[in-house]
Amino acid sequence: MLIDRVLGSVAILLAAIVGVVSWRYGVGAASLPGPGFWPLLIALSMAGLGAALMARPGPAPSSPAAGASRWERFAVALGTLAFYVLALEPLGYLAATFVLLVVQLRWVEGRSWRGSFLTSALAAAISLIVFRAFLNVPLPQGMLPLPRW
Amino acid sequence: MLLHGFALALTPGNLVYVLLGTVIGTVIGVLPGLGPTASIALLLPVTIGMDMVSALIFLAGVYYGAMYGGSTTSILVNIPGEASSVITCLDGYQMARQGRAGPALGMAAFGSFIGGTAGVVAVMLISPWLAEAALKFGAPEMFALLFFAFTCIGGLTGKSRARGLLMACLGLLLGSAGTDDIHGVDRFTFGTLYLRDGIGLVPLAMGLFGMGEILYNIEKREETGAVLETPKDLLPTRQDWKDSTLPIARGSAVGFGIGILPGGMPAVASLLSYAVERRLARHPERFGKGAIEGVAGPETANNAATAGGFVPLLTLGIPTNSVLALMLAALMLHGVTPGPLLLVKWPDVFWGVIASMYIGNVMLLVLNLPMIGLFVQILKVPYSLLSPLIIMFVLLGAYALNNSVTDVLATILFGILGWLIKRYGLEPAPLVLAFVLGPMLENNLSKALIMSRGAGLPFFFSRPISATLLTLAVLVLLYPLMRAGWRWAAKRQAAEKRV
């Protein structure tokens, strides 16, 4: 129920924004549709569907039944992803991936220190070799004093 | 032509690719969490360096393998590897609990083989004919066909059609970002260079399906059921075969029929097959308690549907589910424009893929039964170890596409979107499909409107093919409203009678 109302209102809001922007791109005529024509159609459909959802909310979606939320781990996971995006090119593939994996294995998944270090080192190294040597994909070298690959 | 295809597919290099594809696909299918869509999305970047036919052969192998691997986990652990194996859990797991895991797995393998092979034969026979017919399609007809496909896709998945269609509209919106085809104007690019080319399908798919799944599992970790020991005796009995023959035959027909249609996901095919078998069975109460027909029929159907999906993809250039949408992306990455001209311009691709599908089916049957032991071991690897490794692989694949960190960022952002979608029980598949279909829809619509010289909607209805397709699409859209109207009318009648 609630999800449909939220979804419906978000849809209508988004449709309004898109509609305005599309209008500004120029809608053109029926014989020569402008760049805004298609997005405007989409916006109108979204508004209609959003209104339909709010008027007649459907059955509750089958959210997979699961346990309690593990928010700290989730936050750490997101943090590692943000780190990766920022650090990949400066630190290089090997170092960034190693850190990503260690933090994930140790803090998100709760594995041992030794296991995390070992797995991360192996995974980072092997993936580098496979992708660089076998698949010919260049990966960031980074600024650390490591052998060129 | 088919012989030429076999000649291509049987070269040592391509044979290796078929082998690799089916094995990797099965492994990924066995692993919980990653379905065929995520697997193909993850492996797409890997195929960039390969030549065109090999890349498709590899990916088709992965697709088939993932379907097969999914049924293994359904039978042994009661956890479906992906959507189309959900039905197999019902009777397959019960059979395993009764000590009959072997025949269940065996029948799933044989059924899959027969369904897949029958499907490929049908693809081979129907495609050239369909491609010829499609050559007569102009822009209005293509638009009508795509619109029909769009309404089926949005409406057939999940519990609520409005929700599915809304997801599809979101996909359309995301697909419209980038430089407009006809006018060259930048739309929704927010002034960035990255978005000029539009949003990439691979970061979108990897994020929504792969990363989203992982993030969801980090937030809520589910407990997996106990893994049973490696089954020893894998061959079904004569009685099993007797019981399964008709379900397999019906499954092939049902599966292929569903597979050709837009929105025809193998999951739908296996569901339908199960329903049909239960309806037709002499003792329907056996279903849900370990009836082998409940495994044979659906498994055959989902493989036949998998094959069937290739018909619209290869002849019309229309993908009917998210996996095929990714195959389309793979084709385009290698410079092939799918459509009715594919058989004419790139016959190698078509016949090579067909031949590899035959070979892939055989390989799956021959390899997977003996390798069951290995797969059971894989099932025992803890998810806490796999999850970070999968993340690494997703991010690596995203970077490998264009050597761009922005792609990695895009994948992560779509991962968050995918997590939200999964968390609230929504469907990601219509989004991806609409994302791929959107630009085609717009292109054909614009061309058709220009052709119509301002006549607008009546123009579409003046041509027989587009008129029929559009009417069908409208019917699909309005069907639930009509049903609700009938029910309301029936209730009113009943209430009046009481008075």
# chains A, B, ... in the order shown; residues from 1 in each chain; ligands from 1
>>> residues_around(residues="B:Leu44", least_positions_apart="4", cutoff="12 Å", atoms="only C-alpha atoms", output="MDAnalysis selection string")
chainID B and resid 21 37:40 48:50 52 55:56 58:60 62:63 201:203 205:206 323 325:334 393:394 396:398 400:401
>>> write_last_selection(atoms="N, CA and C atoms", output="JSON list (two decimals), in the first residue's frame")
[["chain", "number", "residue", "atom", "x", "y", "z"],
["B", 21, "GLY", "N", 32.32, -21.23, -21.70],
["B", 21, "GLY", "CA", 31.05, -20.55, -21.45],
["B", 21, "GLY", "C", 30.11, -21.41, -20.64],
["B", 37, "THR", "N", 21.30, -12.91, -15.96],
["B", 37, "THR", "CA", 21.49, -11.52, -16.39],
["B", 37, "THR", "C", 22.76, -10.94, -15.80],
["B", 38, "ALA", "N", 22.95, -11.12, -14.50],
["B", 38, "ALA", "CA", 24.15, -10.57, -13.87],
["B", 38, "ALA", "C", 25.38, -11.23, -14.46],
["B", 39, "SER", "N", 25.31, -12.55, -14.69],
["B", 39, "SER", "CA", 26.48, -13.25, -15.22],
["B", 39, "SER", "C", 26.88, -12.70, -16.56],
["B", 40, "ILE", "N", 25.90, -12.55, -17.45],
["B", 40, "ILE", "CA", 26.24, -12.05, -18.77],
["B", 40, "ILE", "C", 26.74, -10.61, -18.67],
["B", 48, "ILE", "N", 35.14, -8.29, -24.99],
["B", 48, "ILE", "CA", 35.46, -7.20, -25.92],
["B", 48, "ILE", "C", 36.61, -7.57, -26.82],
["B", 49, "GLY", "N", 37.61, -8.26, -26.25],
["B", 49, "GLY", "CA", 38.77, -8.58, -27.06],
["B", 49, "GLY", "C", 38.54, -9.73, -28.03],
["B", 50, "MET", "N", 37.44, -10.48, -27.84],
["B", 50, "MET", "CA", 37.25, -11.65, -28.69],
["B", 50, "MET", "C", 36.66, -11.25, -30.04],
["B", 52, "MET", "N", 33.82, -11.59, -33.01],
["B", 52, "MET", "CA", 32.38, -11.50, -32.88],
["B", 52, "MET", "C", 31.68, -12.81, -32.66],
["B", 55, "ALA", "N", 32.61, -14.40, -29.33],
["B", 55, "ALA", "CA", 32.02, -13.72, -28.18],
["B", 55, "ALA", "C", 30.58, -14.19, -27.98],
["B", 56, "LEU", "N", 29.82, -14.26, -29.07],
["B", 56, "LEU", "CA", 28.43, -14.69, -28.94],
["B", 56, "LEU", "C", 28.32, -16.13, -28.51],
["B", 58, "PHE", "N", 30.43, -17.77, -26.76],
["B", 58, "PHE", "CA", 30.78, -17.84, -25.33],
["B", 58, "PHE", "C", 29.60, -17.41, -24.48],
["B", 59, "LEU", "N", 28.99, -16.28, -24.84],
["B", 59, "LEU", "CA", 27.89, -15.76, -24.01],
["B", 59, "LEU", "C", 26.67, -16.67, -24.06],
["B", 60, "ALA", "N", 26.40, -17.25, -25.24],
["B", 60, "ALA", "CA", 25.26, -18.16, -25.32],
["B", 60, "ALA", "C", 25.51, -19.36, -24.41],
["B", 62, "VAL", "N", 27.28, -19.35, -21.69],
["B", 62, "VAL", "CA", 27.09, -18.90, -20.31],
["B", 62, "VAL", "C", 25.60, -18.90, -19.96],
["B", 63, "TYR", "N", 24.79, -18.40, -20.87],
["B", 63, "TYR", "CA", 23.35, -18.33, -20.66],
["B", 63, "TYR", "C", 22.79, -19.72, -20.38],
["B", 201, "LEU", "N", 24.75, 0.43, -21.18],
["B", 201, "LEU", "CA", 23.91, -0.68, -20.76],
["B", 201, "LEU", "C", 24.64, -1.57, -19.77],
["B", 202, "VAL", "N", 25.93, -1.76, -20.00],
["B", 202, "VAL", "CA", 26.65, -2.68, -19.13],
["B", 202, "VAL", "C", 26.75, -2.17, -17.70],
["B", 203, "PRO", "N", 27.17, -0.91, -17.46],
["B", 203, "PRO", "CA", 27.16, -0.44, -16.07],
["B", 203, "PRO", "C", 25.76, -0.51, -15.47],
["B", 205, "ALA", "N", 23.28, -2.64, -16.23],
["B", 205, "ALA", "CA", 22.90, -4.02, -15.94],
["B", 205, "ALA", "C", 23.73, -4.60, -14.80],
["B", 206, "MET", "N", 25.06, -4.36, -14.84],
["B", 206, "MET", "CA", 25.91, -4.90, -13.78],
["B", 206, "MET", "C", 25.51, -4.30, -12.44],
["B", 323, "VAL", "N", 18.38, -10.74, -20.42],
["B", 323, "VAL", "CA", 19.61, -11.42, -20.86],
["B", 323, "VAL", "C", 19.83, -11.16, -22.33],
["B", 325, "ALA", "N", 18.71, -8.72, -24.03],
["B", 325, "ALA", "CA", 19.06, -7.32, -24.23],
["B", 325, "ALA", "C", 20.57, -7.15, -24.14],
["B", 326, "LEU", "N", 21.18, -7.88, -23.22],
["B", 326, "LEU", "CA", 22.63, -7.79, -23.08],
["B", 326, "LEU", "C", 23.34, -8.43, -24.26],
["B", 327, "MET", "N", 22.75, -9.52, -24.79],
["B", 327, "MET", "CA", 23.33, -10.13, -26.00],
["B", 327, "MET", "C", 23.29, -9.14, -27.14],
["B", 328, "LEU", "N", 22.20, -8.38, -27.20],
["B", 328, "LEU", "CA", 22.08, -7.34, -28.22],
["B", 328, "LEU", "C", 23.21, -6.35, -28.08],
["B", 329, "ALA", "N", 23.48, -5.96, -26.81],
["B", 329, "ALA", "CA", 24.57, -5.03, -26.57],
["B", 329, "ALA", "C", 25.88, -5.63, -27.04],
["B", 330, "ALA", "N", 26.05, -6.93, -26.78],
["B", 330, "ALA", "CA", 27.29, -7.59, -27.20],
["B", 330, "ALA", "C", 27.43, -7.55, -28.70],
["B", 331, "LEU", "N", 26.32, -7.81, -29.42],
["B", 331, "LEU", "CA", 26.36, -7.77, -30.87],
["B", 331, "LEU", "C", 26.76, -6.39, -31.35],
["B", 332, "MET", "N", 26.15, -5.37, -30.73],
["B", 332, "MET", "CA", 26.43, -4.01, -31.20],
["B", 332, "MET", "C", 27.86, -3.60, -30.88],
["B", 333, "LEU", "N", 28.36, -4.06, -29.73],
["B", 333, "LEU", "CA", 29.75, -3.78, -29.38],
["B", 333, "LEU", "C", 30.70, -4.30, -30.45],
["B", 334, "HIS", "N", 30.28, -5.39, -31.12],
["B", 334, "HIS", "CA", 31.17, -5.96, -32.13],
["B", 334, "HIS", "C", 30.82, -5.48, -33.52],
["B", 393, "PHE", "N", 34.96, -8.23, -8.87],
["B", 393, "PHE", "CA", 34.82, -8.58, -10.28],
["B", 393, "PHE", "C", 33.92, -7.58, -11.01],
["B", 394, "VAL", "N", 32.86, -7.16, -10.34],
["B", 394, "VAL", "CA", 31.95, -6.19, -10.95],
["B", 394, "VAL", "C", 32.67, -4.89, -11.24],
["B", 396, "LEU", "N", 35.86, -4.36, -11.47],
["B", 396, "LEU", "CA", 36.90, -4.57, -12.47],
["B", 396, "LEU", "C", 36.31, -4.56, -13.87],
["B", 397, "GLY", "N", 35.20, -5.29, -14.03],
["B", 397, "GLY", "CA", 34.54, -5.33, -15.32],
["B", 397, "GLY", "C", 34.09, -3.96, -15.78],
["B", 398, "ALA", "N", 33.57, -3.18, -14.82],
["B", 398, "ALA", "CA", 33.10, -1.84, -15.17],
["B", 398, "ALA", "C", 34.25, -0.99, -15.67],
["B", 400, "ALA", "N", 37.04, -2.07, -16.98],
["B", 400, "ALA", "CA", 37.61, -2.65, -18.19],
["B", 400, "ALA", "C", 36.89, -2.20, -19.45],
["B", 401, "LEU", "N", 35.64, -1.77, -19.34],
["B", 401, "LEU", "CA", 34.88, -1.39, -20.52],
["B", 401, "LEU", "C", 35.54, -0.27, -21.30]]
>>> interface_residues(of="chain B", to="chain A", cutoff="6 Å", atoms="only C-alpha atoms", output="JSON, numbers by chain")
{"B": [160, 162, 218, 219, 220, 222, 384, 388, 425, 449, 450, 453, 454, 456]}
>>> write_last_selection(atoms="N, CA and C atoms", output="tab-separated table (two decimals), in the first residue's frame")
chain	number	residue	atom	x	y	z
B	160	SER	N	2.07	-6.23	-9.89
B	160	SER	CA	1.28	-5.05	-10.24
B	160	SER	C	1.72	-4.52	-11.59
B	162	ALA	N	0.87	-1.75	-13.07
B	162	ALA	CA	1.23	-0.33	-13.05
B	162	ALA	C	2.67	-0.16	-12.58
B	218	ILE	N	24.15	-7.82	1.65
B	218	ILE	CA	24.93	-7.29	2.76
B	218	ILE	C	23.99	-6.70	3.80
B	219	GLU	N	22.97	-6.05	3.31
B	219	GLU	CA	22.05	-5.44	4.27
B	219	GLU	C	21.28	-6.51	5.03
B	220	LYS	N	20.83	-7.52	4.28
B	220	LYS	CA	20.08	-8.58	4.95
B	220	LYS	C	20.65	-9.92	4.56
B	222	GLU	N	20.58	-13.75	4.36
B	222	GLU	CA	19.67	-14.86	4.62
B	222	GLU	C	20.47	-16.12	4.92
B	384	SER	N	30.13	-15.44	2.54
B	384	SER	CA	30.90	-14.31	3.07
B	384	SER	C	32.23	-14.17	2.34
B	388	PRO	N	32.61	-10.33	-1.38
B	388	PRO	CA	33.59	-9.30	-1.76
B	388	PRO	C	34.26	-9.60	-3.10
B	425	GLY	N	10.76	-4.72	-3.24
B	425	GLY	CA	9.99	-5.73	-3.96
B	425	GLY	C	9.59	-5.33	-5.37
B	449	LEU	N	6.41	9.29	-37.94
B	449	LEU	CA	5.68	10.55	-37.93
B	449	LEU	C	6.11	11.44	-39.09
B	450	ILE	N	7.41	11.43	-39.38
B	450	ILE	CA	7.88	12.22	-40.51
B	450	ILE	C	7.25	11.68	-41.79
B	453	ARG	N	3.74	12.79	-42.54
B	453	ARG	CA	3.55	14.20	-42.91
B	453	ARG	C	2.47	14.86	-42.07
B	454	GLY	N	2.55	14.64	-40.76
B	454	GLY	CA	1.64	15.37	-39.89
B	454	GLY	C	0.32	14.68	-39.66
B	456	GLY	N	-0.19	11.96	-38.05
B	456	GLY	CA	-0.28	11.50	-36.66
B	456	GLY	C	-0.82	10.09	-36.54
>>> select_by_dssp(residues="chain A", states="strand (DSSP E)", output="MDAnalysis selection string")
chainID A and resid 28:29 32:33
>>> closest_residue(among="B:Gly212, B:Pro80, B:Met392, B:Val366", to="A:Ile126", atoms="only C-alpha atoms")
B:Met392
>>> select_by_dssp(residues="stretch 277-454 of chain B", states="alpha helix (DSSP H)", output="ChimeraX atom specification")
/B:277-280,293-308,310-316,322-333,342-345,347-368,372-379,383-402,405-423,429-452
>>> closest_residue(among="A:Leu118, A:Leu94, A:Phe83, A:Met54", to="A:Val6", atoms="only C-alpha atoms")
A:Met54
>>> residues_around(residues="stretch 273-279 of chain B", least_positions_apart="5", cutoff="10 Å", atoms="only C-alpha atoms", output="PyMOL selection string")
chain B and resi 87-88+90+246-248+250-255+267-268+284-288+291+293-302
>>> atom_distance(atom1="atom CA of B:Ser84", atom2="atom CA of B:Pro266")
5.6 Å
>>> atom_distance(atom1="atom CA of B:Ala139", atom2="atom CA of B:Phe310")
22.1 Å
>>> residues_around(residues="B:Gly35", least_positions_apart="4", cutoff="10 Å", atoms="only C-alpha atoms", output="number ranges by chain")
B: 25, 28-31, 39-41, 63, 66-67, 69-70, 80-84, 209-210, 213, 323
>>> closest_residue(among="A:Arg132, A:Ala121, A:Arg5, A:Arg114", to="A:Ala55", atoms="only C-alpha atoms")
A:Arg5
>>> atom_distance(atom1="atom CA of B:Asn368", atom2="atom CA of B:Thr320")
27.6 Å
>>> decode(residues="stretch 15-80 of chain A", atoms="C-alpha atoms", output="short mmCIF file (atom, residue, chain, number, x, y, z; two decimals), in the first residue's frame")
data_model
loop_
_atom_site.label_atom_id
_atom_site.label_comp_id
_atom_site.auth_asym_id
_atom_site.auth_seq_id
_atom_site.Cartn_x
_atom_site.Cartn_y
_atom_site.Cartn_z
CA ALA A 15 7.13 13.37 -14.51
CA ALA A 16 6.51 17.06 -13.78
CA ILE A 17 10.23 17.88 -13.81
CA VAL A 18 10.89 15.86 -16.96
CA GLY A 19 7.84 17.39 -18.60
CA VAL A 20 9.05 20.92 -18.01
CA VAL A 21 12.57 20.13 -19.21
CA SER A 22 11.23 18.36 -22.33
CA TRP A 23 9.03 21.32 -23.16
CA ARG A 24 12.11 23.52 -23.02
CA TYR A 25 13.95 21.24 -25.46
CA GLY A 26 11.20 21.89 -27.95
CA VAL A 27 8.43 19.49 -28.77
CA GLY A 28 8.08 20.22 -32.47
CA ALA A 29 5.05 19.31 -34.56
CA ALA A 30 3.41 16.03 -35.50
CA SER A 31 5.21 16.09 -38.83
CA LEU A 32 8.62 16.67 -37.27
CA PRO A 33 8.88 15.77 -33.61
CA GLY A 34 11.42 17.80 -31.65
CA PRO A 35 13.97 16.55 -29.10
CA GLY A 36 11.52 17.05 -26.29
CA PHE A 37 8.71 15.06 -27.90
CA TRP A 38 9.69 11.60 -26.71
CA PRO A 39 10.62 12.58 -23.14
CA LEU A 40 7.32 14.46 -22.90
CA LEU A 41 5.44 11.30 -23.90
CA ILE A 42 7.34 9.40 -21.23
CA ALA A 43 6.56 12.08 -18.66
CA LEU A 44 2.85 11.94 -19.48
CA SER A 45 2.82 8.15 -19.16
CA MET A 46 4.63 8.30 -15.85
CA ALA A 47 2.19 10.87 -14.52
CA GLY A 48 -0.73 8.68 -15.59
CA LEU A 49 0.77 5.54 -14.06
CA GLY A 50 1.68 7.39 -10.87
CA ALA A 51 -1.86 8.65 -10.52
CA ALA A 52 -3.20 5.13 -11.16
CA LEU A 53 -0.96 3.70 -8.46
CA MET A 54 -2.04 6.29 -5.95
CA ALA A 55 -5.70 5.78 -6.74
CA ARG A 56 -5.68 1.98 -6.63
CA PRO A 57 -2.65 0.63 -4.78
CA GLY A 58 -1.90 -2.91 -5.83
CA PRO A 59 -1.17 -5.99 -3.71
CA ALA A 60 1.82 -5.78 -1.39
CA PRO A 61 4.96 -6.62 -3.36
CA SER A 62 6.62 -9.89 -2.53
CA SER A 63 9.56 -8.50 -0.62
CA PRO A 64 11.83 -11.45 0.04
CA ALA A 65 11.47 -12.35 3.70
CA ALA A 66 14.75 -11.85 5.47
CA GLY A 67 16.30 -11.12 8.85
CA ALA A 68 17.17 -7.86 10.52
CA SER A 69 18.99 -5.15 8.61
CA ARG A 70 22.72 -4.94 9.12
CA TRP A 71 23.16 -1.24 8.62
CA GLU A 72 26.71 -0.85 9.94
CA ARG A 73 28.00 -3.44 7.50
CA PHE A 74 26.02 -1.84 4.72
CA ALA A 75 27.48 1.57 5.52
CA VAL A 76 31.02 0.14 5.56
CA ALA A 77 30.36 -1.55 2.22
CA LEU A 78 29.20 1.72 0.67
CA GLY A 79 32.23 3.42 2.17
CA THR A 80 34.60 0.95 0.52
#
